[in-house]
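The structure appears right after this line, and notes come after that.
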Amino acid sequence: MRLAFSIFIFVESITSVFAQEKPIHSVEVKPEFRAQERSIPIDVVAVEDDGYYMHYSRGKYGQGSDFLIRFDNDLQPTNDITEFSSSGTNIDTISTVGFIQGNSSLLHISVSRTPNSRKYFKRVFDLDTKQLGLPELMAEVKSDERSVSKAFETLIFSKDTAQIAFIYTVPNRNRDYQKLKVFRMDANFSTLSEEEYEFPYSNKSFAFQKINLGSQGQIDILAKVYNSERILYGEKNKGYQYLVYQIRDGVHEKAIIQFPRLHVKGLNMNISKTGEYYLTGLYSIDDFYGVRGCVFAKLGVNGEIESRKLIPLEHEYFTQLVEPGKKRERIIKKLANGTFEEGKQVFDGTVYIEDRNLFILIVERKWIVSSNYTTTYNTLEIGLIAINTNGDIEWARKIGKNNSKTNAFIYSSFGLVKRERSLMFFYGDHIQNQNHKYGRMPNAFSMNGVNYCFAAASVDWSGNVTKNIAVNVEDIGRTRIRPGLSRWIDDNSILFFGQDISNLKNQRFIKINFHED
């Protein structure tokens, strides 16, 4: 998401920004409970005085049918369980699209799929009476020509929650255009309108990247158009452009952005309060899964392109965790002659800090190795690159970690929390890694996890990093925390979910309470 250079701090001084200070959070390890069946929580969908309503889904990875369960304020399950699966729909299989909490009710959007049809339902759960309303068919999509089961669909709401939009694509016989349907509701879940829009691109060469809903009802869209149908699925060939649209009394194309001869990854769209559009992402030249630098584009309120840049990353970023010596020297030499790209990178998005005019791009190094019927999931350091609204890099950091685990990926990666003055990253770690500077790190899951901890790294808007251990293995036993299943309760607390690695039905929640940061 990012031809300008900016200020970097040299690696010799990078280590000074890593410190162990008084944490800006406290942790509550909740009692372990036993689930009635193998299932995991997907989200906290409602918060009431008497506890929390959690959307659970059956199966080891939550791939099964859905239900709602109320937890008390000590995060222990109650007997209040509501099935949201096929009840009342006369359909065998149905899956959840999303939930939205209103003043005293909960909206549930679901979909039933067959290869050639989709049916969307909405139903309301009354939080006062605990009664589940009858399902209401919102829309039905059919096609005799092509599969519609995996078409695009999203449930979004404006920041002030005054408007809700359910958006989905509709297959069509004419492959020269893409059709989008918008189903609008107010905060009471009453239908406001049903709208349909067309985009003049083939179904097989056009993909939606991001959709925002503004407080005035405008819908902003970032889409991607490929120069051939083959690229959409492999995407290892270069040749595509990005389009920015705004839906407001019709479709208005605001801009076309092209980055030729590059692999652009994870282009993200943010819109300022004054209406400017900012596009940020990562790019590589040769290695599709590598990183060479950032791309940046700024659009004015009328869609004119005010700025577009490629921002190469310097060696101070790539060598932060590399011990001084021949390896670091080789990286610096390759960067100088333009042959270095750091591979095995997965882009995880951009966080917009509007009051600081800052975009923080987040990347994680990860890859999979399969051999002799064993798959190892390697998830290593986190990279952060801060770009200002002029398209210059202000700082770049790496947070070292090592999550390498065979046959399981669910306990790796990280959970991200945005606070007023910092970003916080929570992840599984080895207790010896807190003072790590250079080289390979001990694996969080080595030696049966006896040195496992759940770590926290705080990064402020100037790039200063503070590391702490949030939870030690002595506090949770064989529970391993799943960083990706992190869910907000309120502005000052968040839940993390953990399971006993020897029996997945034994579960518990870890509650993080934030103090002034």
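FYI, nothing fancy with the structure tokens labels: chains A, B, ... in order, residues from 1 per chain, ligands from 1 as they appear.
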Report task. May I have the residues within 8 Å of Phe496 in chain A as a ChimeraX atom specification, using only C-alpha atoms and disregarding those fewer than 5 positions away in the same chain? Result -> /A:481-483,485-487,509-512
What does the file look like for those residues with N, CA and C atoms, as a PDB file, in the first residue's frame?
```
ATOM      1  N   ILE A 481      -3.935 -19.902  23.653  1.00  0.00           N
ATOM      2  CA  ILE A 481      -4.809 -18.801  23.248  1.00  0.00           C
ATOM      3  C   ILE A 481      -4.774 -18.649  21.731  1.00  0.00           C
ATOM      4  N   ARG A 482      -5.936 -18.453  21.151  1.00  0.00           N
ATOM      5  CA  ARG A 482      -6.061 -18.287  19.701  1.00  0.00           C
ATOM      6  C   ARG A 482      -6.133 -16.793  19.383  1.00  0.00           C
ATOM      7  N   PRO A 483      -5.017 -16.173  18.980  1.00  0.00           N
ATOM      8  CA  PRO A 483      -4.992 -14.710  18.826  1.00  0.00           C
ATOM      9  C   PRO A 483      -6.013 -14.175  17.836  1.00  0.00           C
ATOM     10  N   LEU A 485      -9.023 -15.102  17.395  1.00  0.00           N
ATOM     11  CA  LEU A 485     -10.375 -15.040  17.956  1.00  0.00           C
ATOM     12  C   LEU A 485     -10.406 -14.029  19.092  1.00  0.00           C
ATOM     13  N   SER A 486     -10.095 -12.784  18.766  1.00  0.00           N
ATOM     14  CA  SER A 486     -10.154 -11.695  19.737  1.00  0.00           C
ATOM     15  C   SER A 486     -11.397 -10.868  19.458  1.00  0.00           C
ATOM     16  N   ARG A 487     -12.148 -10.555  20.521  1.00  0.00           N
ATOM     17  CA  ARG A 487     -13.438  -9.901  20.338  1.00  0.00           C
ATOM     18  C   ARG A 487     -13.640  -8.792  21.354  1.00  0.00           C
ATOM     19  N   PHE A 509     -11.894 -18.064  28.538  1.00  0.00           N
ATOM     20  CA  PHE A 509     -11.659 -16.747  27.979  1.00  0.00           C
ATOM     21  C   PHE A 509     -10.628 -15.999  28.809  1.00  0.00           C
ATOM     22  N   ILE A 510      -9.847 -15.182  28.151  1.00  0.00           N
ATOM     23  CA  ILE A 510      -8.902 -14.283  28.800  1.00  0.00           C
ATOM     24  C   ILE A 510      -9.352 -12.874  28.481  1.00  0.00           C
ATOM     25  N   LYS A 511      -9.596 -12.097  29.515  1.00  0.00           N
ATOM     26  CA  LYS A 511     -10.103 -10.728  29.337  1.00  0.00           C
ATOM     27  C   LYS A 511      -8.962  -9.736  29.557  1.00  0.00           C
ATOM     28  N   ILE A 512      -8.752  -8.870  28.578  1.00  0.00           N
ATOM     29  CA  ILE A 512      -7.741  -7.823  28.675  1.00  0.00           C
ATOM     30  C   ILE A 512      -8.442  -6.500  28.972  1.00  0.00           C
TER      31      ILE A 512
END
```
Report task. With a distance cut-off of 10 Å and only C-alpha atoms, select the neighbouring residues of Thr78 in chain A, excluding the residue or stretch itself and same-chain residues fewer than 6 positions from it, and output the selection as number ranges by chain. Result -> A: 51, 69-72
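For Ala255 in chain A, the non-local neighbours within 7 Å, defined as residues at least 6 positions apart in the same chain or in other chains and counting only C-alpha atoms, are Leu243, Val244, Gly303 and Glu304 of chain A.
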Requested write-out: C-alpha atoms of the selected residues, as a PDB file, in the first residue's frame:
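Done, and the output landed in again_20.pdb:
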```pdb
ATOM      1  CA  LEU A 243     -11.140   1.526  -9.505  1.00  0.00           C
ATOM      2  CA  VAL A 244     -12.723   3.809  -6.924  1.00  0.00           C
ATOM      3  CA  GLY A 303     -11.796  11.852  -7.568  1.00  0.00           C
ATOM      4  CA  GLU A 304      -8.823  13.606  -9.164  1.00  0.00           C
TER       5      GLU A 304
END
```
**Report entry** Of the listed residues A:Gly477, A:Gly343, A:Gly449, A:Gly415, that which approaches Ile494 in chain A most closely, counting only C-alpha atoms
**Finding:** A:Gly415
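For the atom pair formed by CA of Tyr52 in chain A and CA of Asn79 in chain A, the distance is 12.8 Å, given to one decimal.
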Report task. Give the strand (DSSP E) residues of range 264-442 of chain A, as assigned by DSSP on the backbone, as a VMD selection string. Result -> chain A and resid 264 to 271 277 to 284 293 to 299 305 to 312 345 to 353 358 to 371 374 to 388 393 to 399 403 to 406 415 to 418 422 to 430
Report task. Please give the complete set of residues from range 317-447 of chain A that DSSP, run on the backbone, assigns to alpha helix (DSSP H), formatted as JSON, numbers by chain. Result -> {"A": [317, 318, 326, 327, 328, 329, 330, 331, 332, 333, 334, 335, 336]}
Go ahead and write the residues just picked, all heavy atoms, as a short mmCIF file (atom, residue, chain, number, x, y, z; two decimals), in the first residue's frame.
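File produced: result_39.cif:
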```
data_model
loop_
_atom_site.label_atom_id
_atom_site.label_comp_id
_atom_site.auth_asym_id
_atom_site.auth_seq_id
_atom_site.Cartn_x
_atom_site.Cartn_y
_atom_site.Cartn_z
N TYR A 317 14.99 -1.25 7.61
CA TYR A 317 13.81 -2.06 7.91
C TYR A 317 14.11 -3.55 7.77
O TYR A 317 13.84 -4.35 8.66
CB TYR A 317 12.66 -1.67 6.99
CG TYR A 317 11.46 -2.58 7.08
CD1 TYR A 317 10.62 -2.55 8.19
CD2 TYR A 317 11.17 -3.50 6.07
CE1 TYR A 317 9.51 -3.39 8.29
CE2 TYR A 317 10.08 -4.34 6.16
CZ TYR A 317 9.26 -4.29 7.27
OH TYR A 317 8.18 -5.14 7.36
N PHE A 318 14.70 -3.92 6.64
CA PHE A 318 14.92 -5.34 6.36
C PHE A 318 15.95 -5.99 7.29
O PHE A 318 15.94 -7.20 7.47
CB PHE A 318 15.36 -5.52 4.90
CG PHE A 318 14.30 -5.16 3.90
CD1 PHE A 318 14.49 -4.11 3.02
CD2 PHE A 318 13.11 -5.87 3.85
CE1 PHE A 318 13.51 -3.78 2.08
CE2 PHE A 318 12.12 -5.54 2.93
CZ PHE A 318 12.33 -4.49 2.05
N LYS A 326 27.93 -10.95 7.75
CA LYS A 326 27.87 -11.18 6.31
C LYS A 326 26.44 -11.20 5.78
O LYS A 326 26.17 -10.71 4.68
CB LYS A 326 28.58 -12.48 5.97
CG LYS A 326 30.09 -12.43 6.17
CD LYS A 326 30.74 -13.74 5.74
CE LYS A 326 32.26 -13.65 5.91
NZ LYS A 326 32.93 -14.93 5.50
N LYS A 327 25.51 -11.77 6.55
CA LYS A 327 24.11 -11.85 6.07
C LYS A 327 23.52 -10.45 5.90
O LYS A 327 22.87 -10.16 4.89
CB LYS A 327 23.26 -12.67 7.03
CG LYS A 327 21.84 -12.86 6.54
CD LYS A 327 21.04 -13.77 7.47
CE LYS A 327 19.62 -13.96 6.96
NZ LYS A 327 18.83 -14.85 7.86
N ARG A 328 23.74 -9.60 6.88
CA ARG A 328 23.23 -8.23 6.77
C ARG A 328 23.90 -7.51 5.60
O ARG A 328 23.23 -6.78 4.85
CB ARG A 328 23.47 -7.46 8.07
CG ARG A 328 22.89 -6.04 8.01
CD ARG A 328 23.31 -5.21 9.18
NE ARG A 328 22.64 -5.63 10.40
CZ ARG A 328 22.73 -4.96 11.56
NH1 ARG A 328 23.47 -3.87 11.61
NH2 ARG A 328 22.12 -5.39 12.63
N GLU A 329 25.18 -7.71 5.42
CA GLU A 329 25.92 -7.04 4.33
C GLU A 329 25.39 -7.49 2.97
O GLU A 329 25.30 -6.69 2.03
CB GLU A 329 27.42 -7.33 4.45
CG GLU A 329 28.06 -6.65 5.67
CD GLU A 329 29.47 -7.13 5.92
OE1 GLU A 329 29.96 -7.98 5.12
OE2 GLU A 329 30.10 -6.68 6.90
N ARG A 330 25.03 -8.79 2.86
CA ARG A 330 24.48 -9.29 1.58
C ARG A 330 23.14 -8.61 1.28
O ARG A 330 22.86 -8.26 0.12
CB ARG A 330 24.30 -10.80 1.65
CG ARG A 330 25.61 -11.58 1.52
CD ARG A 330 25.33 -13.04 1.16
NE ARG A 330 24.50 -13.70 2.17
CZ ARG A 330 24.97 -14.35 3.23
NH1 ARG A 330 26.29 -14.44 3.42
NH2 ARG A 330 24.16 -14.93 4.10
N ILE A 331 22.31 -8.44 2.30
CA ILE A 331 21.01 -7.78 2.08
C ILE A 331 21.20 -6.35 1.63
O ILE A 331 20.55 -5.88 0.67
CB ILE A 331 20.17 -7.83 3.38
CG1 ILE A 331 19.79 -9.27 3.71
CG2 ILE A 331 18.92 -6.96 3.24
CD1 ILE A 331 19.09 -9.43 5.05
N ILE A 332 22.11 -5.63 2.28
CA ILE A 332 22.36 -4.23 1.93
C ILE A 332 22.88 -4.12 0.50
O ILE A 332 22.48 -3.24 -0.28
CB ILE A 332 23.35 -3.60 2.93
CG1 ILE A 332 22.71 -3.53 4.32
CG2 ILE A 332 23.77 -2.21 2.47
CD1 ILE A 332 23.67 -3.10 5.42
N LYS A 333 23.76 -5.05 0.10
CA LYS A 333 24.32 -5.04 -1.26
C LYS A 333 23.25 -5.32 -2.30
O LYS A 333 23.18 -4.66 -3.35
CB LYS A 333 25.45 -6.07 -1.35
CG LYS A 333 26.18 -6.07 -2.69
CD LYS A 333 27.34 -7.06 -2.68
CE LYS A 333 28.08 -7.04 -4.02
NZ LYS A 333 29.22 -8.00 -4.02
N LYS A 334 22.39 -6.30 -2.02
CA LYS A 334 21.31 -6.62 -2.96
C LYS A 334 20.32 -5.47 -3.09
O LYS A 334 19.81 -5.19 -4.19
CB LYS A 334 20.60 -7.89 -2.52
CG LYS A 334 21.40 -9.16 -2.75
CD LYS A 334 20.59 -10.39 -2.38
CE LYS A 334 21.35 -11.67 -2.68
NZ LYS A 334 20.55 -12.87 -2.36
N LEU A 335 20.01 -4.79 -1.99
CA LEU A 335 19.13 -3.63 -2.07
C LEU A 335 19.74 -2.54 -2.93
O LEU A 335 19.03 -1.87 -3.70
CB LEU A 335 18.85 -3.09 -0.67
CG LEU A 335 17.77 -3.81 0.14
CD1 LEU A 335 17.80 -3.37 1.59
CD2 LEU A 335 16.39 -3.55 -0.45
N ALA A 336 21.05 -2.37 -2.83
CA ALA A 336 21.73 -1.31 -3.60
C ALA A 336 21.66 -1.56 -5.10
O ALA A 336 21.53 -0.61 -5.88
CB ALA A 336 23.19 -1.21 -3.14
#
```
List as CSV every residue of range 176-231 of chain A that is in contact with range 258-271 of chain A, defined as an atom at most 8 Å from one of its atoms (using only C-alpha atoms), together with the nearest atom pair and the distance in Å rounded to one decimal, sorted by chain and then rising number.
```
residue,atom,partner,partner_atom,distance
A:Gln209,CA,A:Asn268,CA,7.9
A:Lys210,CA,A:Met269,CA,7.1
A:Leu222,CA,A:Met269,CA,6.8
```
Dump as a PDB file, in the first residue's frame, selection limited to N, CA and C atoms:
```
ATOM      1  N   GLN A 209     -12.834  -5.128  -3.633  1.00  0.00           N
ATOM      2  CA  GLN A 209     -11.764  -5.204  -2.650  1.00  0.00           C
ATOM      3  C   GLN A 209     -12.213  -4.704  -1.278  1.00  0.00           C
ATOM      4  N   LYS A 210     -12.886  -3.555  -1.257  1.00  0.00           N
ATOM      5  CA  LYS A 210     -13.334  -2.980   0.016  1.00  0.00           C
ATOM      6  C   LYS A 210     -14.553  -2.119  -0.225  1.00  0.00           C
ATOM      7  N   LEU A 222     -13.828   0.142  -3.452  1.00  0.00           N
ATOM      8  CA  LEU A 222     -12.545  -0.085  -4.108  1.00  0.00           C
ATOM      9  C   LEU A 222     -12.643  -1.428  -4.811  1.00  0.00           C
TER      10      LEU A 222
END
```
Query raised in the report: Which neighbours of range 272-278 of chain A fall inside 6 Å, counting only C-alpha atoms, when residues of the same chain fewer than 4 positions from it are skipped, and could you give them as a PyMOL selection string?
Result: chain A and resi 297-301
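If you count only C-alpha atoms and ignore residues fewer than 3 places along the chain from Val417 in chain A, what sits within 10 Å of it is Phe414, Ser422, Leu423, Met424, Phe425, Phe426, Ser458, Ser486, Arg487, Trp488, Ser493 and Ile494 of chain A.
Using only C-alpha atoms, the smallest distance between any of A:Gly62, A:Pro77, A:Gly383, A:Pro200 and Gln320 in chain A comes from A:Gly383.
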With only C-alpha atoms as the counted atoms, please give the residues lying no more than 10 Å from Leu282 in chain A, apart from itself and same-chain residues fewer than 6 positions off, as a PDB file with N, CA, C and O atoms, in the first residue's frame.
```pdb
ATOM      1  N   MET A   1       0.859  -1.163   0.000  1.00  0.00           N
ATOM      2  CA  MET A   1       0.000   0.000   0.000  1.00  0.00           C
ATOM      3  C   MET A   1       0.895   1.211   0.000  1.00  0.00           C
ATOM      4  O   MET A   1       0.808   2.035   0.840  1.00  0.00           O
ATOM      5  N   ARG A   2       1.910   1.397  -1.091  1.00  0.00           N
ATOM      6  CA  ARG A   2       2.747   2.549  -0.790  1.00  0.00           C
ATOM      7  C   ARG A   2       3.457   3.209  -1.956  1.00  0.00           C
ATOM      8  O   ARG A   2       3.435   3.126  -2.992  1.00  0.00           O
ATOM      9  N   LEU A 262       4.111  -4.291 -11.612  1.00  0.00           N
ATOM     10  CA  LEU A 262       4.335  -4.547 -10.187  1.00  0.00           C
ATOM     11  C   LEU A 262       3.316  -5.567  -9.693  1.00  0.00           C
ATOM     12  O   LEU A 262       2.219  -5.689 -10.242  1.00  0.00           O
ATOM     13  N   HIS A 263       3.680  -6.275  -8.638  1.00  0.00           N
ATOM     14  CA  HIS A 263       2.707  -7.049  -7.875  1.00  0.00           C
ATOM     15  C   HIS A 263       2.264  -6.167  -6.705  1.00  0.00           C
ATOM     16  O   HIS A 263       3.056  -5.873  -5.810  1.00  0.00           O
ATOM     17  N   VAL A 264       1.023  -5.726  -6.717  1.00  0.00           N
ATOM     18  CA  VAL A 264       0.487  -4.899  -5.624  1.00  0.00           C
ATOM     19  C   VAL A 264      -0.356  -5.786  -4.732  1.00  0.00           C
ATOM     20  O   VAL A 264      -1.252  -6.491  -5.198  1.00  0.00           O
ATOM     21  N   LYS A 265      -0.077  -5.724  -3.441  1.00  0.00           N
ATOM     22  CA  LYS A 265      -0.762  -6.615  -2.490  1.00  0.00           C
ATOM     23  C   LYS A 265      -1.556  -5.804  -1.473  1.00  0.00           C
ATOM     24  O   LYS A 265      -1.050  -4.840  -0.882  1.00  0.00           O
ATOM     25  N   GLY A 266      -2.803  -6.206  -1.307  1.00  0.00           N
ATOM     26  CA  GLY A 266      -3.615  -5.672  -0.223  1.00  0.00           C
ATOM     27  C   GLY A 266      -3.901  -4.191  -0.290  1.00  0.00           C
ATOM     28  O   GLY A 266      -3.947  -3.518   0.742  1.00  0.00           O
ATOM     29  N   LEU A 267      -4.089  -3.652  -1.469  1.00  0.00           N
ATOM     30  CA  LEU A 267      -4.388  -2.219  -1.534  1.00  0.00           C
ATOM     31  C   LEU A 267      -5.621  -1.922  -0.687  1.00  0.00           C
ATOM     32  O   LEU A 267      -6.631  -2.604  -0.769  1.00  0.00           O
ATOM     33  N   ASN A 268      -5.496  -0.897   0.144  1.00  0.00           N
ATOM     34  CA  ASN A 268      -6.546  -0.570   1.102  1.00  0.00           C
ATOM     35  C   ASN A 268      -7.016   0.862   0.869  1.00  0.00           C
ATOM     36  O   ASN A 268      -6.237   1.720   0.443  1.00  0.00           O
ATOM     37  N   GLY A 290       6.676 -11.491  -2.092  1.00  0.00           N
ATOM     38  CA  GLY A 290       7.702 -10.697  -1.440  1.00  0.00           C
ATOM     39  C   GLY A 290       7.259  -9.276  -1.164  1.00  0.00           C
ATOM     40  O   GLY A 290       6.138  -8.863  -1.481  1.00  0.00           O
ATOM     41  N   VAL A 291       8.158  -8.510  -0.549  1.00  0.00           N
ATOM     42  CA  VAL A 291       7.935  -7.096  -0.268  1.00  0.00           C
ATOM     43  C   VAL A 291       9.191  -6.321  -0.660  1.00  0.00           C
ATOM     44  O   VAL A 291      10.295  -6.667  -0.246  1.00  0.00           O
ATOM     45  N   ARG A 292       9.026  -5.293  -1.469  1.00  0.00           N
ATOM     46  CA  ARG A 292      10.114  -4.373  -1.806  1.00  0.00           C
ATOM     47  C   ARG A 292       9.844  -2.981  -1.265  1.00  0.00           C
ATOM     48  O   ARG A 292      10.748  -2.242  -0.935  1.00  0.00           O
ATOM     49  N   GLY A 293       8.565  -2.625  -1.205  1.00  0.00           N
ATOM     50  CA  GLY A 293       8.220  -1.296  -0.706  1.00  0.00           C
ATOM     51  C   GLY A 293       6.722  -1.108  -0.650  1.00  0.00           C
ATOM     52  O   GLY A 293       5.949  -2.072  -0.638  1.00  0.00           O
ATOM     53  N   CYS A 294       6.300   0.152  -0.633  1.00  0.00           N
ATOM     54  CA  CYS A 294       4.887   0.507  -0.462  1.00  0.00           C
ATOM     55  C   CYS A 294       4.394   1.317  -1.652  1.00  0.00           C
ATOM     56  O   CYS A 294       5.168   1.992  -2.329  1.00  0.00           O
ATOM     57  N   VAL A 295       3.100   1.234  -1.887  1.00  0.00           N
ATOM     58  CA  VAL A 295       2.450   2.096  -2.874  1.00  0.00           C
ATOM     59  C   VAL A 295       1.520   3.049  -2.137  1.00  0.00           C
ATOM     60  O   VAL A 295       0.966   2.719  -1.088  1.00  0.00           O
ATOM     61  N   PHE A 296       1.358   4.232  -2.704  1.00  0.00           N
ATOM     62  CA  PHE A 296       0.533   5.271  -2.074  1.00  0.00           C
ATOM     63  C   PHE A 296      -0.152   6.077  -3.157  1.00  0.00           C
ATOM     64  O   PHE A 296       0.457   6.403  -4.183  1.00  0.00           O
ATOM     65  N   LEU A 310       5.570   5.248  -5.499  1.00  0.00           N
ATOM     66  CA  LEU A 310       6.174   3.996  -5.054  1.00  0.00           C
ATOM     67  C   LEU A 310       7.233   4.362  -4.032  1.00  0.00           C
ATOM     68  O   LEU A 310       8.046   5.265  -4.268  1.00  0.00           O
ATOM     69  N   ILE A 311       7.245   3.679  -2.904  1.00  0.00           N
ATOM     70  CA  ILE A 311       8.140   4.034  -1.803  1.00  0.00           C
ATOM     71  C   ILE A 311       8.987   2.824  -1.455  1.00  0.00           C
ATOM     72  O   ILE A 311       8.549   1.941  -0.706  1.00  0.00           O
ATOM     73  N   PRO A 312      10.211   2.726  -2.001  1.00  0.00           N
ATOM     74  CA  PRO A 312      11.056   1.583  -1.653  1.00  0.00           C
ATOM     75  C   PRO A 312      11.443   1.608  -0.177  1.00  0.00           C
ATOM     76  O   PRO A 312      11.673   2.674   0.401  1.00  0.00           O
ATOM     77  N   GLN A 345       5.820 -12.935   2.649  1.00  0.00           N
ATOM     78  CA  GLN A 345       5.125 -11.906   3.408  1.00  0.00           C
ATOM     79  C   GLN A 345       3.636 -11.940   3.106  1.00  0.00           C
ATOM     80  O   GLN A 345       3.222 -12.076   1.961  1.00  0.00           O
ATOM     81  N   VAL A 346       2.839 -11.805   4.149  1.00  0.00           N
ATOM     82  CA  VAL A 346       1.388 -11.731   4.000  1.00  0.00           C
ATOM     83  C   VAL A 346       0.926 -10.388   4.555  1.00  0.00           C
ATOM     84  O   VAL A 346       1.206 -10.044   5.706  1.00  0.00           O
ATOM     85  N   PHE A 347       0.216  -9.626   3.731  1.00  0.00           N
ATOM     86  CA  PHE A 347      -0.244  -8.305   4.144  1.00  0.00           C
ATOM     87  C   PHE A 347      -1.503  -8.433   4.991  1.00  0.00           C
ATOM     88  O   PHE A 347      -2.446  -9.134   4.626  1.00  0.00           O
ATOM     89  N   GLY A 349      -3.218  -5.582   6.366  1.00  0.00           N
ATOM     90  CA  GLY A 349      -4.101  -4.430   6.365  1.00  0.00           C
ATOM     91  C   GLY A 349      -3.414  -3.140   6.783  1.00  0.00           C
ATOM     92  O   GLY A 349      -2.225  -3.095   7.105  1.00  0.00           O
ATOM     93  N   LEU A 361       0.866   0.342   7.968  1.00  0.00           N
ATOM     94  CA  LEU A 361       0.679  -0.891   7.212  1.00  0.00           C
ATOM     95  C   LEU A 361       1.271  -2.041   8.011  1.00  0.00           C
ATOM     96  O   LEU A 361       2.361  -1.916   8.584  1.00  0.00           O
ATOM     97  N   ILE A 362       0.575  -3.151   8.034  1.00  0.00           N
ATOM     98  CA  ILE A 362       0.977  -4.285   8.863  1.00  0.00           C
ATOM     99  C   ILE A 362       1.186  -5.499   7.968  1.00  0.00           C
ATOM    100  O   ILE A 362       0.326  -5.849   7.153  1.00  0.00           O
ATOM    101  N   VAL A 363       2.335  -6.155   8.124  1.00  0.00           N
ATOM    102  CA  VAL A 363       2.669  -7.330   7.321  1.00  0.00           C
ATOM    103  C   VAL A 363       3.215  -8.394   8.252  1.00  0.00           C
ATOM    104  O   VAL A 363       3.800  -8.090   9.297  1.00  0.00           O
ATOM    105  N   ILE A 385       4.889  -0.389   8.958  1.00  0.00           N
ATOM    106  CA  ILE A 385       5.425   0.712   8.153  1.00  0.00           C
ATOM    107  C   ILE A 385       4.444   1.871   8.238  1.00  0.00           C
ATOM    108  O   ILE A 385       3.272   1.723   7.873  1.00  0.00           O
TER     109      ILE A 385
END
```
